[in-house]
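Participant: upload-v4.txt (compact mmCIF, C-alpha atoms) pasted underneath:
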# COMPACT_ATOMS: atom_id res chain seq x y z
CA MET A 1296 -1.51 19.67 16.20
CA GLU A 1297 -5.30 19.67 16.51
CA LYS A 1298 -5.60 20.24 12.75
CA GLY A 1299 -2.83 17.80 11.88
CA ILE A 1300 0.95 17.91 11.60
CA PHE A 1301 0.75 19.15 8.01
CA ALA A 1302 -1.99 21.75 8.49
CA GLY A 1303 -1.15 24.60 6.11
CA LEU A 1304 1.02 22.44 3.85
CA LYS A 1305 -0.04 22.92 0.23
CA VAL A 1306 0.17 19.91 -2.06
CA LEU A 1307 -0.57 19.52 -5.76
CA ASP A 1308 -1.43 15.94 -6.72
CA CYS A 1309 -0.82 15.68 -10.46
CA ALA A 1310 -0.75 11.91 -10.59
CA SER A 1311 -2.79 8.77 -11.28
CA PHE A 1312 -2.73 4.97 -10.77
CA ILE A 1313 -1.93 4.62 -7.68
CA ALA A 1314 1.20 5.02 -5.59
CA ALA A 1315 1.82 8.73 -6.18
CA PRO A 1316 -1.73 9.96 -5.43
CA ALA A 1317 -1.84 7.60 -2.45
CA ALA A 1318 1.25 9.37 -1.04
CA ALA A 1319 -0.72 12.61 -1.29
CA THR A 1320 -3.57 10.91 0.55
CA VAL A 1321 -1.28 10.12 3.48
CA LEU A 1322 -0.24 13.79 3.64
CA SER A 1323 -3.91 14.75 3.63
CA ASP A 1324 -4.62 12.37 6.52
CA PHE A 1325 -2.32 14.53 8.62
CA GLY A 1326 -3.97 17.77 7.58
CA ALA A 1327 -2.24 18.83 4.34
CA ASP A 1328 -4.34 20.80 1.85
CA VAL A 1329 -4.24 18.61 -1.25
CA ILE A 1330 -5.47 19.78 -4.64
CA LYS A 1331 -6.07 17.04 -7.16
CA ILE A 1332 -5.19 18.17 -10.70
CA GLU A 1333 -7.18 16.18 -13.23
CA PRO A 1334 -8.35 16.67 -16.80
CA PRO A 1335 -11.78 18.19 -17.44
CA GLY A 1336 -14.63 15.90 -18.42
CA ALA A 1337 -14.05 12.35 -17.21
CA GLY A 1338 -11.26 13.42 -14.85
CA ASP A 1339 -8.50 11.16 -13.58
CA PRO A 1340 -8.69 7.82 -15.46
CA TYR A 1341 -8.28 6.09 -12.10
CA ARG A 1342 -11.89 7.03 -11.36
CA ASN A 1343 -12.85 4.26 -13.81
CA LEU A 1344 -10.87 1.44 -12.17
CA PRO A 1345 -13.96 -0.40 -10.85
CA ASN A 1346 -15.31 -0.56 -14.41
CA LEU A 1347 -12.40 -2.71 -15.60
CA PRO A 1348 -13.02 -6.45 -16.03
CA GLY A 1349 -12.52 -8.53 -12.92
CA TYR A 1350 -12.93 -5.78 -10.32
CA PRO A 1351 -15.66 -5.87 -7.65
CA THR A 1352 -18.93 -4.20 -8.53
CA GLY A 1353 -21.14 -2.09 -6.30
CA GLU A 1354 -22.80 1.28 -5.86
CA HIS A 1355 -19.67 3.00 -4.51
CA ASN A 1356 -16.45 3.84 -6.35
CA PHE A 1357 -14.24 2.08 -3.82
CA ALA A 1358 -10.98 2.96 -5.57
CA TRP A 1359 -11.71 6.69 -5.68
CA LEU A 1360 -13.01 6.71 -2.10
CA LEU A 1361 -9.68 5.34 -0.91
CA GLU A 1362 -7.19 7.34 -2.98
CA ALA A 1363 -8.97 10.71 -3.28
CA ARG A 1364 -10.38 11.25 0.20
CA ASN A 1365 -9.79 14.69 1.75
CA LYS A 1366 -8.73 16.21 -1.58
CA LYS A 1367 -10.10 19.10 -3.63
CA SER A 1368 -10.41 18.80 -7.40
CA LEU A 1369 -9.18 21.32 -9.94
CA ALA A 1370 -9.90 20.34 -13.53
CA LEU A 1371 -7.13 21.61 -15.82
CA ASP A 1372 -6.38 20.70 -19.42
CA LEU A 1373 -2.61 20.96 -19.15
CA SER A 1374 -2.18 20.60 -22.89
CA LYS A 1375 -3.35 24.24 -23.09
CA PRO A 1376 -0.93 27.07 -22.25
CA GLU A 1377 -3.65 28.87 -20.27
CA ALA A 1378 -4.00 25.85 -17.97
CA GLN A 1379 -0.24 25.57 -17.57
CA ALA A 1380 -0.18 29.22 -16.53
CA VAL A 1381 -2.76 28.46 -13.82
CA LEU A 1382 -0.66 25.57 -12.59
CA TYR A 1383 2.49 27.70 -12.52
CA LYS A 1384 0.69 30.34 -10.48
CA LEU A 1385 -0.36 27.70 -7.96
CA VAL A 1386 3.15 26.25 -7.83
CA GLU A 1387 4.48 29.58 -6.61
CA GLU A 1388 2.67 28.99 -3.31
CA THR A 1389 2.92 25.18 -3.23
CA ASP A 1390 5.03 23.11 -0.85
CA VAL A 1391 4.86 19.72 -2.58
CA PHE A 1392 4.17 18.80 -6.20
CA ILE A 1393 3.55 15.08 -6.84
CA THR A 1394 3.48 13.40 -10.22
CA ASN A 1395 3.93 9.99 -11.80
CA MET A 1396 3.30 11.02 -15.38
CA PRO A 1397 5.78 9.38 -17.78
CA PRO A 1398 8.75 11.68 -18.49
CA PRO A 1399 7.73 12.41 -22.13
CA VAL A 1400 4.24 13.42 -20.91
CA ARG A 1401 5.77 15.72 -18.30
CA ILE A 1402 7.69 17.50 -21.04
CA LYS A 1403 4.57 17.83 -23.17
CA LEU A 1404 2.48 19.19 -20.29
CA GLY A 1405 5.20 21.48 -18.95
CA ILE A 1406 5.44 19.82 -15.54
CA THR A 1407 9.04 18.59 -15.37
CA TYR A 1408 11.19 19.57 -12.42
CA ASP A 1409 12.95 22.15 -14.59
CA HIS A 1410 9.61 23.67 -15.56
CA LEU A 1411 8.57 24.16 -11.93
CA ALA A 1412 11.62 24.45 -9.67
CA HIS A 1413 12.56 27.99 -10.72
CA LEU A 1414 9.07 29.20 -9.78
CA ASN A 1415 9.52 28.33 -6.11
CA ASP A 1416 12.86 27.50 -4.53
CA ARG A 1417 11.09 25.87 -1.56
CA LEU A 1418 9.15 23.45 -3.77
CA ILE A 1419 9.54 19.73 -3.17
CA TYR A 1420 9.03 17.95 -6.47
CA ALA A 1421 8.09 14.32 -5.80
CA SER A 1422 8.51 12.06 -8.80
CA PHE A 1423 7.34 8.47 -9.07
CA THR A 1424 8.14 6.16 -12.00
CA GLY A 1425 7.97 2.51 -12.95
CA TYR A 1426 11.65 1.77 -13.44
CA GLY A 1427 13.60 4.79 -12.18
CA GLU A 1428 14.66 8.01 -13.87
CA LYS A 1429 17.89 6.84 -15.52
CA GLY A 1430 18.78 4.18 -18.07
CA GLU A 1431 17.08 2.81 -21.15
CA GLU A 1432 13.86 1.96 -19.34
CA ALA A 1433 13.37 5.38 -17.73
CA ASN A 1434 10.44 6.20 -20.04
CA LYS A 1435 8.87 2.75 -19.89
CA PRO A 1436 5.35 2.67 -18.40
CA GLY A 1437 4.96 0.47 -15.35
CA PHE A 1438 2.21 -0.79 -13.07
CA ASP A 1439 2.64 -2.62 -9.79
CA SER A 1440 1.75 -5.94 -11.45
CA ASN A 1441 4.74 -5.75 -13.79
CA ALA A 1442 7.33 -3.28 -12.48
CA TYR A 1443 6.92 -4.13 -8.77
CA TRP A 1444 5.55 -7.64 -8.54
CA ALA A 1445 6.96 -9.36 -11.62
CA ARG A 1446 10.27 -7.55 -12.15
CA SER A 1447 11.43 -7.90 -8.53
CA GLY A 1448 11.12 -11.68 -8.42
CA LEU A 1449 8.19 -11.61 -5.99
CA MET A 1450 5.84 -13.08 -8.57
CA ASP A 1451 8.12 -16.11 -8.87
CA LEU A 1452 9.04 -16.35 -5.19
CA VAL A 1453 5.56 -16.62 -3.65
CA ARG A 1454 4.24 -19.47 -5.76
CA ALA A 1455 3.58 -22.66 -3.84
CA ASP A 1456 6.41 -24.68 -5.41
CA THR A 1457 8.47 -25.00 -8.56
CA ASP A 1458 5.68 -26.88 -10.35
CA THR A 1459 2.99 -24.20 -9.98
CA THR A 1460 2.70 -21.12 -12.15
CA PRO A 1461 3.90 -17.69 -10.92
CA ALA A 1462 1.38 -16.03 -8.61
CA ARG A 1463 -0.64 -13.02 -9.76
CA SER A 1464 -0.79 -9.95 -7.57
CA VAL A 1465 -3.97 -8.24 -6.40
CA ALA A 1466 -4.97 -4.66 -7.17
CA GLY A 1467 -2.76 -2.04 -5.55
CA MET A 1468 -0.73 -4.58 -3.59
CA GLY A 1469 2.56 -2.99 -4.58
CA ASP A 1470 1.28 0.53 -5.09
CA HIS A 1471 0.35 1.15 -1.47
CA PRO A 1472 3.71 0.14 0.03
CA CYS A 1473 5.30 2.26 -2.71
CA ALA A 1474 3.12 5.19 -1.65
CA MET A 1475 4.68 4.98 1.80
CA ALA A 1476 8.14 5.13 0.23
CA LEU A 1477 7.25 8.27 -1.73
CA TYR A 1478 5.61 9.76 1.35
CA SER A 1479 8.78 9.13 3.37
CA ALA A 1480 10.88 10.76 0.65
CA ILE A 1481 8.64 13.83 0.80
CA VAL A 1482 8.80 14.01 4.59
CA THR A 1483 12.59 13.62 4.47
CA ALA A 1484 12.76 16.50 2.01
CA LEU A 1485 10.52 18.61 4.24
CA TYR A 1486 12.96 18.00 7.10
CA GLN A 1487 15.86 18.95 4.84
CA ARG A 1488 14.01 22.12 3.88
CA GLU A 1489 13.68 23.01 7.55
CA LYS A 1490 17.47 22.88 7.78
CA THR A 1491 18.38 24.54 4.47
CA GLY A 1492 15.32 26.58 3.45
CA LYS A 1493 15.50 24.94 0.02
CA GLY A 1494 13.23 22.50 -1.74
CA SER A 1495 14.44 19.50 -3.72
CA HIS A 1496 13.64 16.79 -6.21
CA VAL A 1497 12.77 13.44 -4.57
CA ALA A 1498 11.94 10.18 -6.27
CA SER A 1499 10.93 6.56 -5.85
CA ASN A 1500 9.85 3.84 -8.25
CA LEU A 1501 8.00 0.55 -8.45
CA MET A 1502 11.01 -1.57 -9.40
CA ALA A 1503 13.14 -0.40 -6.47
CA ASN A 1504 10.32 -0.96 -4.00
CA GLY A 1505 9.67 -4.43 -5.37
CA VAL A 1506 13.29 -5.47 -4.89
CA TRP A 1507 13.23 -3.90 -1.41
CA ALA A 1508 10.19 -6.06 -0.58
CA ALA A 1509 12.07 -9.14 -1.80
CA SER A 1510 15.37 -7.96 -0.35
CA VAL A 1511 16.09 -10.75 2.15
CA LEU A 1512 16.28 -13.34 -0.61
CA ALA A 1513 17.57 -10.86 -3.18
CA GLN A 1514 20.48 -10.05 -0.86
CA ALA A 1515 21.15 -13.76 -0.47
CA LYS A 1516 21.43 -13.99 -4.25
CA LEU A 1517 23.74 -10.96 -4.31
CA CYS A 1518 25.94 -12.77 -1.79
CA GLY A 1519 26.09 -15.89 -3.93
CA ALA A 1520 24.04 -18.04 -1.55
CA LYS A 1521 22.79 -21.43 -2.66
CA PHE A 1522 19.02 -21.90 -2.77
CA GLY A 1523 17.25 -25.13 -2.02
CA GLU A 1524 14.24 -26.69 -3.70
CA ARG A 1525 10.97 -24.78 -3.35
CA ARG A 1526 8.76 -27.29 -1.58
CA PRO A 1527 4.94 -27.44 -1.41
CA ARG A 1528 3.20 -26.95 1.94
CA GLU A 1529 2.83 -30.69 2.47
CA ARG A 1530 6.62 -31.11 2.27
CA ALA A 1531 7.70 -27.96 4.11
CA LEU A 1532 10.95 -28.27 6.04
CA ASN A 1533 9.49 -26.96 9.30
CA ALA A 1534 6.08 -28.22 10.39
CA VAL A 1535 5.67 -25.61 13.13
CA ALA A 1536 6.19 -22.73 10.69
CA ASN A 1537 3.53 -23.91 8.28
CA HIS A 1538 -0.14 -23.33 7.55
CA TYR A 1539 -3.03 -25.68 8.34
CA GLN A 1540 -6.68 -25.97 7.43
CA CYS A 1541 -9.30 -26.14 10.17
CA LYS A 1542 -12.57 -28.07 10.22
CA ASP A 1543 -14.57 -25.11 8.85
CA GLY A 1544 -12.25 -24.67 5.88
CA ARG A 1545 -10.41 -21.66 7.33
CA TRP A 1546 -6.62 -21.61 7.59
CA LEU A 1547 -4.10 -20.56 10.21
CA ILE A 1548 -0.32 -20.32 10.08
CA LEU A 1549 1.99 -21.35 12.91
CA SER A 1550 5.14 -19.29 13.54
CA LEU A 1551 6.87 -21.07 16.41
CA LEU A 1552 10.37 -19.68 16.06
CA ASN A 1553 11.18 -20.60 19.68
CA GLU A 1554 10.48 -24.19 18.82
CA GLU A 1555 12.38 -25.95 21.63
CA ARG A 1556 10.32 -24.18 24.29
CA GLN A 1557 6.98 -24.04 22.50
CA TRP A 1558 6.76 -27.49 20.93
CA PRO A 1559 5.54 -29.23 24.14
CA THR A 1560 2.96 -26.47 24.64
CA LEU A 1561 1.71 -26.88 21.08
CA ALA A 1562 1.44 -30.66 21.45
CA ARG A 1563 -0.62 -30.30 24.63
CA CYS A 1564 -2.85 -27.63 23.01
CA LEU A 1565 -3.56 -30.02 20.17
CA GLY A 1566 -4.52 -32.76 22.60
CA ARG A 1567 -1.48 -34.71 21.45
CA ALA A 1568 0.80 -34.69 24.50
CA ASP A 1569 2.01 -38.10 23.29
CA LEU A 1570 3.92 -36.33 20.52
CA VAL A 1571 6.31 -34.79 23.06
CA ASP A 1572 7.80 -38.21 23.86
CA ASP A 1573 7.32 -39.65 20.40
CA PRO A 1574 10.88 -40.62 19.32
CA ARG A 1575 10.13 -39.47 15.77
CA PHE A 1576 9.66 -35.87 16.96
CA ALA A 1577 11.56 -35.72 20.25
CA THR A 1578 14.14 -33.12 19.20
CA LYS A 1579 14.18 -30.19 16.85
CA PRO A 1580 16.43 -32.02 14.34
CA ASP A 1581 14.07 -35.00 14.53
CA ARG A 1582 11.03 -32.83 13.79
CA HIS A 1583 12.77 -31.19 10.84
CA ALA A 1584 14.05 -34.48 9.46
CA ARG A 1585 10.52 -35.92 9.64
CA SER A 1586 8.62 -32.75 8.83
CA VAL A 1587 6.47 -34.49 6.20
CA GLU A 1588 5.27 -37.03 8.79
CA LEU A 1589 4.64 -34.31 11.36
CA ILE A 1590 2.71 -32.17 8.88
CA LYS A 1591 0.36 -35.10 8.23
CA VAL A 1592 -0.23 -35.47 11.97
CA LEU A 1593 -0.90 -31.76 12.40
CA ASP A 1594 -3.15 -31.69 9.33
CA GLU A 1595 -5.32 -34.40 10.85
CA THR A 1596 -5.41 -32.67 14.21
CA PHE A 1597 -6.22 -29.15 13.03
CA ALA A 1598 -9.02 -30.59 10.88
CA THR A 1599 -10.91 -31.61 14.03
CA ARG A 1600 -11.89 -28.09 15.20
CA ASP A 1601 -13.08 -24.83 13.69
CA LEU A 1602 -10.75 -21.83 13.42
CA ALA A 1603 -12.49 -19.97 16.28
CA GLU A 1604 -11.83 -22.87 18.65
CA TRP A 1605 -8.17 -23.10 17.66
CA ARG A 1606 -7.74 -19.35 18.05
CA LYS A 1607 -9.01 -19.50 21.61
CA ILE A 1608 -6.78 -22.46 22.50
CA LEU A 1609 -3.58 -21.15 20.87
CA ASP A 1610 -4.06 -17.58 22.10
CA GLY A 1611 -4.76 -18.85 25.60
CA ASN A 1612 -1.41 -20.60 25.67
CA GLY A 1613 0.67 -17.78 24.22
CA LEU A 1614 1.55 -19.54 20.99
CA VAL A 1615 2.51 -17.45 17.98
CA PHE A 1616 0.24 -17.98 15.00
CA GLY A 1617 -1.77 -15.97 12.53
CA VAL A 1618 -5.19 -16.29 11.01
CA VAL A 1619 -5.17 -16.48 7.23
CA GLY A 1620 -7.62 -13.65 6.84
CA ILE A 1621 -10.25 -13.25 4.15
CA LEU A 1622 -11.86 -10.01 3.02
CA ASP A 1623 -15.11 -10.95 4.75
CA ASP A 1624 -13.29 -10.66 8.09
CA ILE A 1625 -12.16 -7.07 7.67
CA PRO A 1626 -15.32 -4.97 8.24
CA ASN A 1627 -15.84 -6.48 11.70
CA ASP A 1628 -12.22 -6.97 12.75
CA LYS A 1629 -12.27 -5.64 16.31
CA GLN A 1630 -8.50 -5.23 16.50
CA MET A 1631 -8.51 -3.11 13.34
CA LEU A 1632 -11.39 -1.02 14.65
CA ASP A 1633 -9.83 -0.58 18.09
CA ASN A 1634 -6.58 0.62 16.53
CA GLU A 1635 -8.28 2.91 13.99
CA VAL A 1636 -6.98 0.95 11.04
CA LEU A 1637 -10.57 1.24 9.85
CA VAL A 1638 -12.21 4.65 10.35
CA PRO A 1639 -15.54 6.16 9.26
CA PHE A 1640 -15.90 8.91 6.72
CA GLU A 1641 -17.06 12.27 8.01
CA ASN A 1642 -20.84 12.29 8.58
CA ASP A 1643 -21.13 8.70 7.41
CA THR A 1644 -20.95 5.16 8.76
CA MET A 1645 -18.99 3.87 5.77
CA LEU A 1646 -15.48 2.83 6.75
CA THR A 1647 -12.21 3.48 4.96
CA ILE A 1648 -8.65 2.30 5.56
CA SER A 1649 -6.44 4.74 7.41
CA SER A 1650 -2.80 5.27 6.46
CA PRO A 1651 -0.59 3.00 8.61
CA ILE A 1652 1.13 5.75 10.63
CA TRP A 1653 0.19 7.25 13.98
CA VAL A 1654 1.94 10.04 15.89
CA ASP A 1655 1.12 10.71 19.54
CA GLY A 1656 -0.37 14.15 20.05
CA ALA A 1657 -1.10 14.66 16.35
CA LYS A 1658 -4.60 13.92 15.16
CA LYS A 1659 -5.43 12.63 11.74
CA VAL A 1660 -8.30 14.40 10.04
CA GLN A 1661 -11.55 12.49 9.84
CA PRO A 1662 -11.70 11.26 6.25
CA ARG A 1663 -13.83 13.35 3.90
CA LYS A 1664 -15.50 11.94 0.81
CA PRO A 1665 -13.56 12.54 -2.44
CA PRO A 1666 -14.47 15.31 -4.88
CA GLY A 1667 -16.26 15.31 -8.18
CA VAL A 1668 -14.28 16.32 -11.28
CA GLY A 1669 -13.47 20.03 -10.97
CA GLU A 1670 -15.70 20.38 -7.91
CA HIS A 1671 -13.41 22.99 -6.37
CA SER A 1672 -12.07 24.66 -9.52
CA ASP A 1673 -13.71 28.05 -8.90
CA GLU A 1674 -12.83 28.06 -5.20
CA ILE A 1675 -9.17 27.31 -5.92
CA LEU A 1676 -8.92 29.86 -8.70
CA ARG A 1677 -10.45 32.59 -6.55
CA LYS A 1678 -7.97 31.89 -3.78
CA ALA A 1679 -5.17 32.11 -6.35
CA GLY A 1680 -6.31 35.61 -7.28
CA TYR A 1681 -8.45 35.04 -10.37
CA ASP A 1682 -11.57 37.18 -10.64
CA GLU A 1683 -14.88 36.04 -12.11
CA ALA A 1684 -14.10 37.36 -15.58
CA ALA A 1685 -10.77 35.53 -15.67
CA ILE A 1686 -12.38 32.30 -14.47
CA LYS A 1687 -15.07 32.61 -17.13
CA GLN A 1688 -12.41 33.10 -19.79
CA LEU A 1689 -10.48 30.03 -18.59
CA ARG A 1690 -13.65 27.99 -18.75
CA SER A 1691 -14.60 29.22 -22.21
CA SER A 1692 -11.13 28.34 -23.52
CA GLY A 1693 -11.44 24.82 -22.16
CA ALA A 1694 -8.38 25.26 -19.95
CA VAL A 1695 -10.48 24.79 -16.80
CA GLY A 1696 -13.35 22.39 -16.26
Just give me the structure of the file as C-alpha cells.
Facilitator:
Amino acid sequence: MEKGIFAGLKVLDCASFIAAPAAATVLSDFGADVIKIEPPGAGDPYRNLPNLPGYPTGEHNFAWLLEARNKKSLALDLSKPEAQAVLYKLVEETDVFITNMPPPVRIKLGITYDHLAHLNDRLIYASFTGYGEKGEEANKPGFDSNAYWARSGLMDLVRADTDTTPARSVAGMGDHPCAMALYSAIVTALYQREKTGKGSHVASNLMANGVWAASVLAQAKLCGAKFGERRPRERALNAVANHYQCKDGRWLILSLLNEERQWPTLARCLGRADLVDDPRFATKPDRHARSVELIKVLDETFATRDLAEWRKILDGNGLVFGVVGILDDIPNDKQMLDNEVLVPFENDTMLTISSPIWVDGAKKVQPRKPPGVGEHSDEILRKAGYDEAAIKQLRSSGAVG
C-alpha cells in the first residue's frame, strides 16, 4: 500500500467539466495511473475555465491544478480513425474508462460502451451525464448549475425566504459531490470484478445527485407532507438553531439540538443567565413560541464580541456551533491542515485540496502538478508499443498532438 491502493490500475480520463475528471483525480490520489485524453492544440476546454467572466484571476490555473493533478496527458484527435485506433489499443490494457461526453458525441468519436467493451471484458466503463441515460432528456447537455442545483429544487430551497430570488450556486459545488458518486460506482464495479472477473458499465448523473442532496425534503414531498412558510432568519422558528452576526461582522451558526440541557449553558456563556428564569423563554415550547423575541435578544448579545471571542467561549463550554467560514480562512485553517484536507504539491509549497477519503494503512500520493497538453503523448505511445516511425506518422496525420 506504500504506492497507493490503486497502484497499477490504469485509467483513461476522456472527460471534461468537472465531475467525471474529478472522479479520475480521486483514483489518482490513491495511486492509479491516469491518462488524460484531450484534443491537440488547446486541449481540454476546462483548461480555460479561469478565463470565463466572473472567475477569480491570478497567475495559476486553479481549476486545472485541482482537477488534473497526478495525470498524464495524451493529445488525441478522436475525430480521426488513426486516433481512435490508438485509443482502442490503450483500452485493451485499461481498467477504467471515464467519460461524460454527450451520447451523440460518443457515437461520433467511437467511444460508446459498445465501441469499447468488446476490446476488454475486464473494462469498467464509467459514464456520467446531466440527466441520466434514458428518456427524452438523455442527450441534453447539463452543468451542475442547471442539472444538479436548479433541477433538484436546491436552488429554490436554500434561498432565505419566499420573497427572495432563488440562490445561485458557486463553481463546481455540485460537480465535486457528483465526482464522489461516480468514484464510488467505479470502486463498486472494481469489487464486482474481483468476484466475477468481468467489467461493467457504471453510471451517475447530475440530476440524480442533486435530488439525493435534497432528499430529506424531497422524500417529505414524495410522502405528501405539508410544508410550512419559508421564514427569514429574523423569524426563524428555533432561535438556538440559527445564525448570528458578531461584532467584527463575522457569522456563526448555533446547532443546539439538545436544547433542554444546553439552553442554560448558552445563556450563561452569553452573560445572560437571567434568560434561564425569564418566563418568556423558560421552556422549550416557550422559546419556540417566542423565537422572534429571543432572536432579537441573541442578535444584540452576539453583536457585543468578535467571532474569535465567541469561539473560545462556546468551545470551552461544549456547545455545538459552526463558524460561517469565508475563503480567506481556508489557507490557514489549522484543522484542515492537521487532517490533510489541504496538502502541498510535490516539490512545492502551494496547497491543494485532497479528496475527502482516507484509508488507514494506505497512503495517498503526494499531489503532482498537472500536465501540459500532450506532454506525455510520446511516452504513452511508446509504452503501448508504437515505434518512433509510427509516432511520427500519427503526429503528421494530426491524430496525435
Participant: Which residues, written as an MDAnalysis selection string, have at least one atom at most 7 Å from range 1480-1491 of chain A, with only C-alpha atoms counted and residues fewer than 6 positions away on the same chain left out?
Facilitator: chainID A and resid 1419 1421 1497
Participant: Can you tell me, as a VMD selection string, what residues are no more than 10 Å from Phe1597 in chain A when counting all atoms listed in the file, ignoring any on the same chain fewer than 3 positions away?
Facilitator: chain A and resid 1539 to 1542 1546 to 1547 1565 1592 to 1594 1600 to 1602 1605
Participant: Output the selection as a tab-separated table (two decimals), keeping the file's coordinate frame - C-alpha atoms for each residue.
Facilitator:
chain	number	residue	atom	x	y	z
A	1539	TYR	CA	-3.03	-25.68	8.34
A	1540	GLN	CA	-6.68	-25.97	7.43
A	1541	CYS	CA	-9.30	-26.14	10.17
A	1542	LYS	CA	-12.57	-28.07	10.22
A	1546	TRP	CA	-6.62	-21.61	7.59
A	1547	LEU	CA	-4.10	-20.56	10.21
A	1565	LEU	CA	-3.56	-30.02	20.17
A	1592	VAL	CA	-0.23	-35.47	11.97
A	1593	LEU	CA	-0.90	-31.76	12.40
A	1594	ASP	CA	-3.15	-31.69	9.33
A	1600	ARG	CA	-11.89	-28.09	15.20
A	1601	ASP	CA	-13.08	-24.83	13.69
A	1602	LEU	CA	-10.75	-21.83	13.42
A	1605	TRP	CA	-8.17	-23.10	17.66
Participant: Quick one: everything within 9 Å of range 1662-1668 of chain A, counting only C-alpha atoms, minus sequence neighbours fewer than 2 positions away in the same chain. Send it as a VMD selection string.
Facilitator: chain A and resid 1323 to 1324 1331 1333 to 1339 1359 to 1370 1638 to 1642 1647 1649 1659 to 1660 1670 to 1672 1696
Participant: Which is closest to Phe1576 in chain A among A:Leu1512, A:Ala1534, A:Ala1598, A:Val1654, if we use only C-alpha atoms?
Facilitator: A:Ala1534
Participant: For a test of reading the model, state the distance in Å between CA of Arg1582 in chain A and CA of Ile1548 in chain A, rounded to one decimal.
Facilitator: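 Between CA of Arg1582 in chain A and CA of Ile1548 in chain A the gap is 17.3 Å.
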Participant: So the first atom is CA of Cys1309 in chain A and the second is CA of Ile1406 in chain A; what is the distance between them in Å, to one decimal place?
Facilitator: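 The value is 9.1 Å.
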Participant: Measuring atom to atom with only C-alpha atoms, identify which of A:Thr1457, A:Cys1473, A:Lys1521, A:Gly1353 is nearest to Pro1316 in chain A.
Facilitator: A:Cys1473
Participant: From the options A:Leu1477, A:Ile1313, A:Val1453, A:Ile1300, which residue's atoms come nearest to Lys1658 in chain A, counting all atoms listed in the file?
Facilitator: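 Ranking A:Leu1477, A:Ile1313, A:Val1453, A:Ile1300 by distance to Lys1658 in chain A, first place goes to A:Ile1300.
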Participant: Rank nothing, just name the residue among A:Ile1330, A:Leu1404, A:Gly1505, A:Pro1472 nearest to Met1450 in chain A, using all atoms listed in the file.
Facilitator: A:Gly1505
Participant: Please, what distance in Å, to one decimal, runs between CA of Gly1544 in chain A and CA of Gly1566 in chain A?
Facilitator: 20.1 Å
Participant: So, counting all atoms listed in the file, which residue among A:Ala1474, A:Leu1689, A:Leu1411, A:Leu1449 is closest to Ser1311 in chain A?
Facilitator: A:Ala1474
Participant: For His1496 in chain A, which residue among A:His1471, A:Lys1678, A:Arg1417, A:Lys1516 is the nearest when counting all atoms listed in the file?
Facilitator: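 So, comparing all the options, the nearest one is A:Arg1417.
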Participant: At a cut-off of 12 Å, using only C-alpha atoms, what residues contact Asp1409 in chain A? Leave out same-chain residues fewer than 6 positions from it and give the result as a PyMOL selection string.
Facilitator: chain A and resi 1398+1401-1402+1415-1416+1418+1420+1495-1496
Participant: List the residues sitting within 10 Å of (5.4, -40.1, 2.2) in the file's frame, using all atoms listed in the file, as number ranges by chain.
Facilitator: A: 1529-1530, 1585, 1587-1588, 1591
Participant: Give me, as a PyMOL selection string, all polymer residues having an atom no more than 10 Å from Gly1613 in chain A, counting all atoms listed in the file and skipping those fewer than 6 positions away in the same chain.
Facilitator: chain A and resi 1557+1560-1561
Participant: Tell me which residues come within 12 Å of (-3.7, 35.3, -6.5), as number ranges by chain, counting only C-alpha atoms in the file's coordinates.
Facilitator: A: 1381-1388, 1674-1682, 1685
Participant: Please supply range 1579-1590 of chain A, rebuilt with N, CA and C atoms, as a compact mmCIF listing (two decimals), in the coordinates of the input.
Facilitator:
# COMPACT_ATOMS: atom_id res chain seq x y z
N LYS A 1579 14.36 -31.08 17.99
CA LYS A 1579 14.18 -30.19 16.85
C LYS A 1579 14.73 -30.80 15.56
N PRO A 1580 15.95 -31.36 15.56
CA PRO A 1580 16.43 -32.02 14.34
C PRO A 1580 15.54 -33.18 13.91
N ASP A 1581 14.98 -33.90 14.88
CA ASP A 1581 14.07 -35.00 14.53
C ASP A 1581 12.83 -34.46 13.81
N ARG A 1582 12.25 -33.40 14.37
CA ARG A 1582 11.03 -32.83 13.79
C ARG A 1582 11.28 -32.30 12.38
N HIS A 1583 12.46 -31.71 12.18
CA HIS A 1583 12.77 -31.19 10.84
C HIS A 1583 13.05 -32.33 9.86
N ALA A 1584 13.73 -33.35 10.34
CA ALA A 1584 14.05 -34.48 9.46
C ALA A 1584 12.78 -35.22 9.04
N ARG A 1585 11.78 -35.20 9.93
CA ARG A 1585 10.52 -35.92 9.64
C ARG A 1585 9.36 -34.93 9.51
N SER A 1586 9.64 -33.80 8.92
CA SER A 1586 8.62 -32.75 8.83
C SER A 1586 7.40 -33.22 8.04
N VAL A 1587 7.60 -34.03 7.00
CA VAL A 1587 6.47 -34.49 6.20
C VAL A 1587 5.52 -35.33 7.05
N GLU A 1588 6.10 -36.22 7.89
CA GLU A 1588 5.27 -37.03 8.79
C GLU A 1588 4.54 -36.15 9.79
N LEU A 1589 5.24 -35.17 10.35
CA LEU A 1589 4.64 -34.31 11.36
C LEU A 1589 3.54 -33.44 10.76
N ILE A 1590 3.74 -32.97 9.54
CA ILE A 1590 2.71 -32.17 8.88
C ILE A 1590 1.43 -32.98 8.71
